[in-house]
Protein chains: 2
Amino acid sequence: MKKILGVDIGGTDIKLGIVSAEGEIVESGKIPTLAGEGPQHAAGRIAAWLEERDAGHQETVAAGIDCAGLIDGSKGYLYYSPNLPGWVDLDLFGLFSGALGMPVTVDNDVNCAAWGEYVLGAGRGTRHFVCMTLGTGIGGGVVADGRLYRGWQGLAGEIGHQVIDRSGPRCMCGTAGCLEAMANASSIVSRARSAIAAGAESVLEDSESLTSKDVAGAAADGDDVAIETLAAAGRALGTGLANIVHLFNPEVIAVGGGVAGAGDLILEPARESMRGQLMADIFASVKVVPAELGNMASLVGASMMALGKSD
Amino acid sequence: MKKILGVDIGGTDIKLGIVSAEGEIVESGKIPTLAGEGPQHAAGRIAAWLEERDAGHQETVAAGIDCAGLIDGSKGYLYYSPNLPGWVDLDLFGLFSGALGMPVTVDNDVNCAAWGEYVLGAGRGTRHFVCMTLGTGIGGGVVADGRLYRGWQGLAGEIGHQVIDRSGPRCMCGTAGCLEAMANASSIVSRARSAIAAGAESVLEDSESLTSKDVAGAAADGDDVAIETLAAAGRALGTGLANIVHLFNPEVIAVGGGVAGAGDLILEPARESMRGQLMADIFASVKVVPAELGNMASLVGASMMALGKSD
């Protein structure tokens, strides 16, 4: 049975998986990234990991590699990754093709997660699909008529940096009112802390250690401040989702990432906000659903992308 | 030499053209739309117009039809057109194929204009291109990797209804802060009138008959109120353009339509506003340019779309 090597390169660890053609992870592992040693070093250790498990590549026919950052997936070219200092302007396709000696694909983690969800998760059965990851950052991958939509330089789908409120709070990128600044994890924490600091009664505390997960937990337990905080993020999210519908007209939008763990506490206010912005027929036809593949979505999606390129 | 019939159906008139394979209009005409008589009636009169000029279709090998409205161009299906009362949920593809007896395409006017600009105008030589029309409404057509990007129901590219300022003015569609409400022709007129009503000195008058063309004319003559009015619309436009870059990553964005006639008086502030929102490398690489085909862009683009479907 042919298998694919999935490689998800993070700032600290590289997650590895041997994945079946059906998307099942049959063996998984983790090695340190050691970004400072450079990509050639990492590629060599990845090749060694695979060699130990499938000597001479008896079963593994291709490798799908992903990492966060600006990547042109059509060429496997990394412009820059915030998590991998020094990995700048690199032909990762050439490097990994050489080190692994098999067909490879390289794309960013969000595009790979979107492809995984499209093939095996919340987007299966559609042809037009958007997958959004909602966490510290907000990213997106777009599938258009069954193909990943990458754009001219591979930089399409930067959903989090669409401006939805020119008078809104400043984003990490420097721009005011990006969706990311209004619906990401830290915006949820700041909003909750501001409300508590202003005297609102809550089980949460105005503390440095507060997380968006704490807010989601308190909201699930009925805490009003936490519920309203998630609803405010959800309404901003809904504006971004309605924009996505107007621009991309997808059949399904899946929302994944840590913040999406709050489920309908954030998605229901998002849908309500979308409803106010879309024609009734269009709102009724588009589905906003939770992503299904969890935190292995990128690795599995990278594998499925590589499977498509294998013989 | 094979030719194509181009048909641009407006609320009052139907513009007709016999177009060469190179996009030259070799013969043109106009007949009344008479929308109330229904689409079958219009199709019959269009067929008669063509028969008079090219009896038995000796030269004309296909027809490209466009009109404003919600259309699924992949099927030639009209959901609804604001300019054609009663033309609702219609298989225009079937209707025109039958009436004309040749291969036809049907799409909305903005997609056709975008296709025309892509093949023959400001987008030629690219693979990833966005064309925006800036007038009473703001619309867009997206070419992705050489194909028109239509989305699931053919409704993608509604650039004007992206929300860029949730606390902005209300759009005709009912939503607050759509790009259209902040950069279209009437937003320019209202902004100029408000400034004059508030006492700003200008050659323009706070009058019902003021048009965005008057504002552009005054700005070209150095009128400060007019210049700042266009600049404000341009800055809003720039936010919308930066969002388009983040989402679609095109190589070139062309801006056409009446308001774009103001040229750099609106485009230069737009570029400055984009610069503030984009990474320097990305801003430096994307081009924002005027559209080239003028008010025949839709008809010519519809013809080029049909040419692609002919034998």
# chains A, B, ... in the order shown; residues from 1 in each chain; ligands from 1

$ residues_around --residues "Ala220 of chain B" --least-positions-apart "5" --cutoff "9 Å" --atoms "only C-alpha atoms" --output "ChimeraX atom specification"
/B:215,226-227,262,265

$ write_last_selection --atoms "C-alpha atoms" --output "PDB file, in the first residue's frame"
ATOM      1  CA  VAL B 215     -16.027  66.931  -8.606  1.00  0.00           C
ATOM      2  CA  ALA B 226     -12.762  68.475  -4.730  1.00  0.00           C
ATOM      3  CA  ILE B 227      -9.202  67.180  -4.386  1.00  0.00           C
ATOM      4  CA  ALA B 262     -10.546  60.991 -12.208  1.00  0.00           C
ATOM      5  CA  LEU B 265      -6.578  62.117  -8.314  1.00  0.00           C
TER       6      LEU B 265
END

$ interface_residues --of "chain B" --to "chain A" --cutoff "6 Å" --atoms "only C-alpha atoms" --output "PyMOL selection string"
chain B and resi 128+151-152+155-158+162-166+175+243+246-251+277

$ atom_distance --atom1 "atom CA of Asp13 of chain B" --atom2 "atom CA of Asn108 of chain B"
15.8 Å

$ select_by_dssp --residues "segment 33-257 of chain A" --states "alpha helix (DSSP H)" --output "number ranges by chain"
A: 39-53, 92-100, 109-120, 179-183, 185-197, 212-220, 224-248

$ atom_distance --atom1 "atom CA of Leu204 of chain A" --atom2 "atom CA of Ala192 of chain A"
8.1 Å

$ residues_around --residues "Trp115 of chain A" --least-positions-apart "4" --cutoff "8 Å" --atoms "only C-alpha atoms" --output "PyMOL selection string"
chain A and resi 111+119+141+143+148+301-302+304-305

$ closest_residue --among "B:Ile266, B:Ala48, B:Ala200, B:Leu70" --to "Asp223 of chain B" --atoms "only C-alpha atoms"
B:Ala200

$ closest_residue --among "B:Ile196, B:Ala297, B:Ile31, B:Ala43" --to "Phe96 of chain B" --atoms "only C-alpha atoms"
B:Ala43
